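Okay, structure first, notes after.
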Amino acid sequence: MKPQAVDFLRVPGLPRVGWYVLALGMSGLAAALLCQAHWASQRAAVLRAEQQALARQQELNAPPPPVAPTLAERRWQQAQVELRRPWLPTLRAIEATTQDPVYLLSLSIAPSTGQIRLDAEASSFDQAVDYVQALGSDGVLQQAMLSSHVELPPALGSRPTVKFSAIAHWASPHPASPSMEAGS
Amino acid sequence: MWPLKRIGRRSTQECLLVGRQAAERWSSVNGGLTLQDSVELSTAVPWAQSLASSILKDAVRALYPTSPSVPVQVILESAWLPVALLEVGSGLLNAAQLQTLARYRFTQLLSDSADPGAPNEPLELRIECRAGSRQALAYALAPELKRNFEAAAKASNLQWAALSPALSWGWARLCQSKMWPRSAAWFIWPEQDRTLLARVSGEAVVGLNPGASVVGSATEISRLLDAEGARLGLEARTEVVAAATWRERGFDDDASGIDTLRWLDIRNPDNHVQRLHHQTRQTVRLQAQSEARR
């Protein structure tokens, strides 16, 4: 801008053009802020509508809420757990394995853990070992192991005895299919 | 040329130049100023009394016996309207702070003045300062002087268009001309009793010697520039110098040893001064021939 001569007859002040430019600038700024607010509200409305549509779609696709089981159903489910425990196969396997000269003295089964503890006696330690190995051979009992043994001196006129303890676990029951449950 | 500018150039312009020694009436037709008349002002009396109401009224009445068709622009030289360059430092000063600084500076200047008639009323100030610049150019007008001018205008049935400091008026007038050197680093403004030497940077004055002695030739200008350059630590002769003049300069004055000196005619800033020299020599030759024939 070219310099203007100082004039002592004019009161110095802001040029009128400056006020017009300032007003124009303020108007532009206000208009820009209004437009920004308007567009932001429009964008928010569109986003809200999209989120609502997505929520509705998710509701339609969501699986039905699980129905609380009745008392009979709960009892039936508990019974199924019990029925799936392999009591009979375990007892059959133990009965089939326990043959002379091995005699079963005691048997305890913990159904919650599936642990089976046997106390038996045999004529020799080798027989005891064979017995324990035979327990786990058919797959009904697993992890059969000889936990302890003691050799007793033979009494007068009797044969030598080895008393031993064995621990095994029954195989974990498979969850029954609905058809199997209905059949059983 | 823009049509409006052509119209402006054709318009009549009236200027009243008031210096320490004389008041001059300049008027223009088609852009160039011409001296119409001048009235001597007494320099024997103190400062404030030289332009007392009666003296000013008489001078204005003598210069303007009839009212001109256009308002008159009053141009006051720094003898009556002092100018000072203020160092404001690197901090930002508000208007009130600048006013205080300027008032303090002018009080110091006028209290040291050889003329004992320093004004008692607070001076009216105009300060040119851009925010962030280290210098500010300040002008001070005594309220009594302003009232005297208003009274003189009323007495002569005149209308003042503006009341401007001579340096500011000349700077604005010459900066707008096509002859103004864009890379000017020095601006020399002549007044009746002194010369003002300003160091300029773009459109701002960054250095000022408001009381240099009157220079009449390029040789004197070169001496002045050397002194000012030595004071500021600059090599003034290598920089572009714009020297304003109210009168034509002779050819001898152009052989100054300053290659970067550019004369600017205040009367008609767009005229090349060399062309004026040629016209002057032709006019002198014609006058001599006509006198010889007589």
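Just remember, in the structure tokens the first chain shown is A, the second B, etc., residues are 1-based per chain, and ligands are 1-based in the order shown.
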**OP:** Could you please select, counting only C-alpha atoms, the residues of chain B within 6 Å of chain A and state them as a ChimeraX atom specification?
**Re:** /B:162-164,168-169,172
Let's have the selection written as an mmCIF file, in the first residue's frame, with N, CA, C and O atoms.
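Full text of part.cif as output:
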```cif
data_model
loop_
_atom_site.group_PDB
_atom_site.id
_atom_site.type_symbol
_atom_site.label_atom_id
_atom_site.label_comp_id
_atom_site.auth_asym_id
_atom_site.auth_seq_id
_atom_site.Cartn_x
_atom_site.Cartn_y
_atom_site.Cartn_z
ATOM 1 N N ALA B 162 -6.240 19.915 3.910
ATOM 2 C CA ALA B 162 -5.454 19.072 4.809
ATOM 3 C C ALA B 162 -4.366 19.934 5.404
ATOM 4 O O ALA B 162 -4.050 21.017 4.889
ATOM 5 N N LEU B 163 -3.819 19.482 6.501
ATOM 6 C CA LEU B 163 -2.692 20.149 7.149
ATOM 7 C C LEU B 163 -1.657 19.061 7.402
ATOM 8 O O LEU B 163 -1.799 18.270 8.349
ATOM 9 N N SER B 164 -0.644 19.043 6.550
ATOM 10 C CA SER B 164 0.279 17.902 6.566
ATOM 11 C C SER B 164 1.697 18.355 6.820
ATOM 12 O O SER B 164 2.092 19.455 6.412
ATOM 13 N N SER B 168 6.096 14.198 5.313
ATOM 14 C CA SER B 168 5.089 13.178 5.035
ATOM 15 C C SER B 168 4.417 13.435 3.692
ATOM 16 O O SER B 168 4.201 12.512 2.898
ATOM 17 N N TRP B 169 4.104 14.712 3.425
ATOM 18 C CA TRP B 169 3.449 15.052 2.162
ATOM 19 C C TRP B 169 4.354 14.739 0.993
ATOM 20 O O TRP B 169 3.934 14.146 -0.007
ATOM 21 N N ALA B 172 4.784 10.937 0.457
ATOM 22 C CA ALA B 172 3.616 10.316 -0.178
ATOM 23 C C ALA B 172 3.540 10.705 -1.652
ATOM 24 O O ALA B 172 3.187 9.893 -2.506
#
```
**OP:** Check region 28-234 of chain B with DSSP on the backbone and list each residue it calls strand (DSSP E), as a PyMOL selection string.
**Re:** chain B and resi 28-29+32-40+72-76+83-87+124-128+135-141+160-165+184-190+195-201+204-212
Original post:
Tell me, which residues of region 4-102 of chain A carry DSSP alpha helix (DSSP H), written as number ranges by chain?
Top reply: A: 16-61, 71-84, 87-97
Within 12 Å of region 97-100 of chain B, counting only C-alpha atoms, which residues show up once you throw out same-chain ones fewer than 3 positions away? Write them as a CSV table (one decimal) with N, CA and C atoms, in the first residue's frame, please.
```csv
chain,number,residue,atom,x,y,z
B,85,LEU,N,12.2,10.8,15.0
B,85,LEU,CA,12.2,9.3,14.9
B,85,LEU,C,12.4,8.7,16.3
B,86,LEU,N,11.5,7.9,16.7
B,86,LEU,CA,11.5,7.3,18.0
B,86,LEU,C,12.0,5.9,17.9
B,87,GLU,N,12.9,5.5,18.8
B,87,GLU,CA,13.3,4.1,18.9
B,87,GLU,C,12.4,3.4,20.0
B,88,VAL,N,11.6,2.5,19.5
B,88,VAL,CA,10.6,1.9,20.4
B,88,VAL,C,11.1,0.6,20.9
B,89,GLY,N,12.2,0.1,20.4
B,89,GLY,CA,12.7,-1.2,20.9
B,89,GLY,C,12.0,-2.4,20.3
B,91,GLY,N,10.0,-4.5,21.9
B,91,GLY,CA,8.7,-4.9,22.5
B,91,GLY,C,7.6,-4.2,21.8
B,92,LEU,N,6.4,-4.7,22.0
B,92,LEU,CA,5.2,-4.1,21.4
B,92,LEU,C,4.7,-3.0,22.3
B,93,LEU,N,4.5,-1.8,21.8
B,93,LEU,CA,3.9,-0.7,22.5
B,93,LEU,C,2.5,-0.4,22.0
B,94,ASN,N,1.6,-0.1,22.9
B,94,ASN,CA,0.3,0.3,22.5
B,94,ASN,C,0.3,1.8,22.2
B,103,ARG,N,5.6,12.2,23.3
B,103,ARG,CA,5.5,13.5,24.0
B,103,ARG,C,6.7,13.8,24.8
B,104,TYR,N,7.3,12.8,25.4
B,104,TYR,CA,8.5,13.0,26.2
B,104,TYR,C,9.6,13.5,25.3
B,105,ARG,N,9.7,12.8,24.2
B,105,ARG,CA,10.8,13.2,23.2
B,105,ARG,C,10.7,14.6,22.7
B,106,PHE,N,9.5,15.0,22.3
B,106,PHE,CA,9.3,16.3,21.8
B,106,PHE,C,9.5,17.4,22.9
B,107,THR,N,9.1,17.0,24.1
B,107,THR,CA,9.4,17.9,25.2
B,107,THR,C,10.8,18.2,25.4
B,122,PRO,N,-0.3,20.8,25.6
B,122,PRO,CA,0.2,19.5,25.0
B,122,PRO,C,0.1,19.4,23.5
B,123,LEU,N,1.1,18.9,22.9
B,123,LEU,CA,1.2,18.9,21.5
B,123,LEU,C,0.2,17.9,20.9
B,124,GLU,N,-0.3,18.1,19.7
B,124,GLU,CA,-1.1,17.1,19.0
B,124,GLU,C,-0.1,16.3,18.2
B,125,LEU,N,-0.2,15.0,18.4
B,125,LEU,CA,0.7,14.1,17.8
B,125,LEU,C,0.1,13.2,16.7
B,126,ARG,N,0.9,12.9,15.8
B,126,ARG,CA,0.6,11.8,14.8
B,126,ARG,C,1.8,10.9,14.7
B,127,ILE,N,1.6,9.6,14.9
B,127,ILE,CA,2.7,8.7,15.0
B,127,ILE,C,2.5,7.6,14.0
B,128,GLU,N,3.5,7.4,13.2
B,128,GLU,CA,3.4,6.3,12.2
B,128,GLU,C,4.3,5.2,12.7
B,129,CYS,N,3.7,4.1,13.0
B,129,CYS,CA,4.4,3.0,13.5
B,129,CYS,C,3.7,1.7,13.2
B,130,ARG,N,4.5,0.7,12.7
B,130,ARG,CA,3.9,-0.6,12.4
B,130,ARG,C,4.2,-1.5,13.6
B,131,ALA,N,3.2,-2.3,13.9
B,131,ALA,CA,3.4,-3.2,15.1
B,131,ALA,C,4.6,-4.1,14.8
B,134,ARG,N,10.9,-1.4,15.0
B,134,ARG,CA,11.7,-0.8,16.1
B,134,ARG,C,11.7,0.7,16.1
B,135,GLN,N,11.2,1.3,15.0
B,135,GLN,CA,11.2,2.8,14.9
B,135,GLN,C,9.8,3.2,14.7
B,136,ALA,N,9.5,4.5,15.1
B,136,ALA,CA,8.2,5.1,14.9
B,136,ALA,C,8.5,6.6,14.5
B,137,LEU,N,7.8,7.1,13.5
B,137,LEU,CA,8.0,8.4,13.0
B,137,LEU,C,6.9,9.3,13.6
B,138,ALA,N,7.2,10.3,14.4
B,138,ALA,CA,6.2,11.1,15.1
B,138,ALA,C,6.3,12.5,14.6
B,139,TYR,N,5.1,13.2,14.5
B,139,TYR,CA,5.0,14.6,14.1
B,139,TYR,C,4.2,15.2,15.3
B,140,ALA,N,4.6,16.5,15.6
B,140,ALA,CA,3.9,17.2,16.6
B,140,ALA,C,3.5,18.6,16.2
```
**OP:** Report the distance between CA of Ala243 (chain B) and CA of Leu261 (chain B) in Å, rounded to one decimal place.
**Re:**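 So the two atoms, CA of Ala243 (chain B) and CA of Leu261 (chain B), lie 7.1 Å apart.
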Original post:
Quick one: of A:Ile109, A:Val129, A:Leu152, A:Ala96, who's nearest to Ala168 (chain A), counting only C-alpha atoms?
Top reply: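 That would be A:Ile109, the residue with the smallest distance to Ala168 (chain A).
The residue that comes closest to Leu141 (chain B), out of B:Leu109, B:Ile75, B:Leu81, B:Ala185 and on the basis of only C-alpha atoms, is B:Leu81.
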Original post:
Separation of CA of Arg85 (chain A) and CA of Gly139 (chain A), in Å?
Top reply: 14.6 Å
Subject >> Length of the CA of Leu174 (chain B) to CA of Glu77 (chain B) vector [Å] >> reply: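 Computing the Euclidean distance for CA of Leu174 (chain B) and CA of Glu77 (chain B) yields 16.3 Å.
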Subject >> Close residues, Arg61 (chain B) itself excluded, 12 Å, only C-alpha atoms, min 5 positions apart in chain, as an NGL selection string >> reply: :B and (16 or 23 or 25 or 37-39 or 53-56 or 66-68 or 149 or 151-158)
Using the selection just defined, write its residues with C-alpha atoms as a short mmCIF file (atom, residue, chain, number, x, y, z; two decimals), in the first residue's frame.
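After the write, selection23.cif holds the following:
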```cif
data_model
loop_
_atom_site.label_atom_id
_atom_site.label_comp_id
_atom_site.auth_asym_id
_atom_site.auth_seq_id
_atom_site.Cartn_x
_atom_site.Cartn_y
_atom_site.Cartn_z
CA LEU B 16 0.29 26.52 0.89
CA ALA B 23 5.09 31.10 3.01
CA ARG B 25 1.57 29.54 -2.69
CA ASP B 37 3.56 33.86 -4.93
CA SER B 38 5.56 33.93 -1.71
CA VAL B 39 5.57 36.02 1.46
CA SER B 53 -2.34 34.75 14.44
CA SER B 54 -1.89 38.19 12.97
CA ILE B 55 1.25 37.31 11.02
CA LEU B 56 -0.34 34.21 9.60
CA THR B 66 -9.41 35.83 -3.64
CA SER B 67 -10.71 32.47 -2.60
CA PRO B 68 -9.46 29.67 -4.79
CA PHE B 149 -4.38 28.41 10.79
CA ALA B 151 -8.48 31.56 12.15
CA ALA B 152 -6.49 32.54 9.08
CA ALA B 153 -8.67 30.37 6.89
CA LYS B 154 -11.78 31.89 8.35
CA ALA B 155 -10.46 35.40 7.91
CA SER B 156 -9.61 34.81 4.23
CA ASN B 157 -12.68 32.77 3.49
CA LEU B 158 -10.58 29.76 2.67
#
```
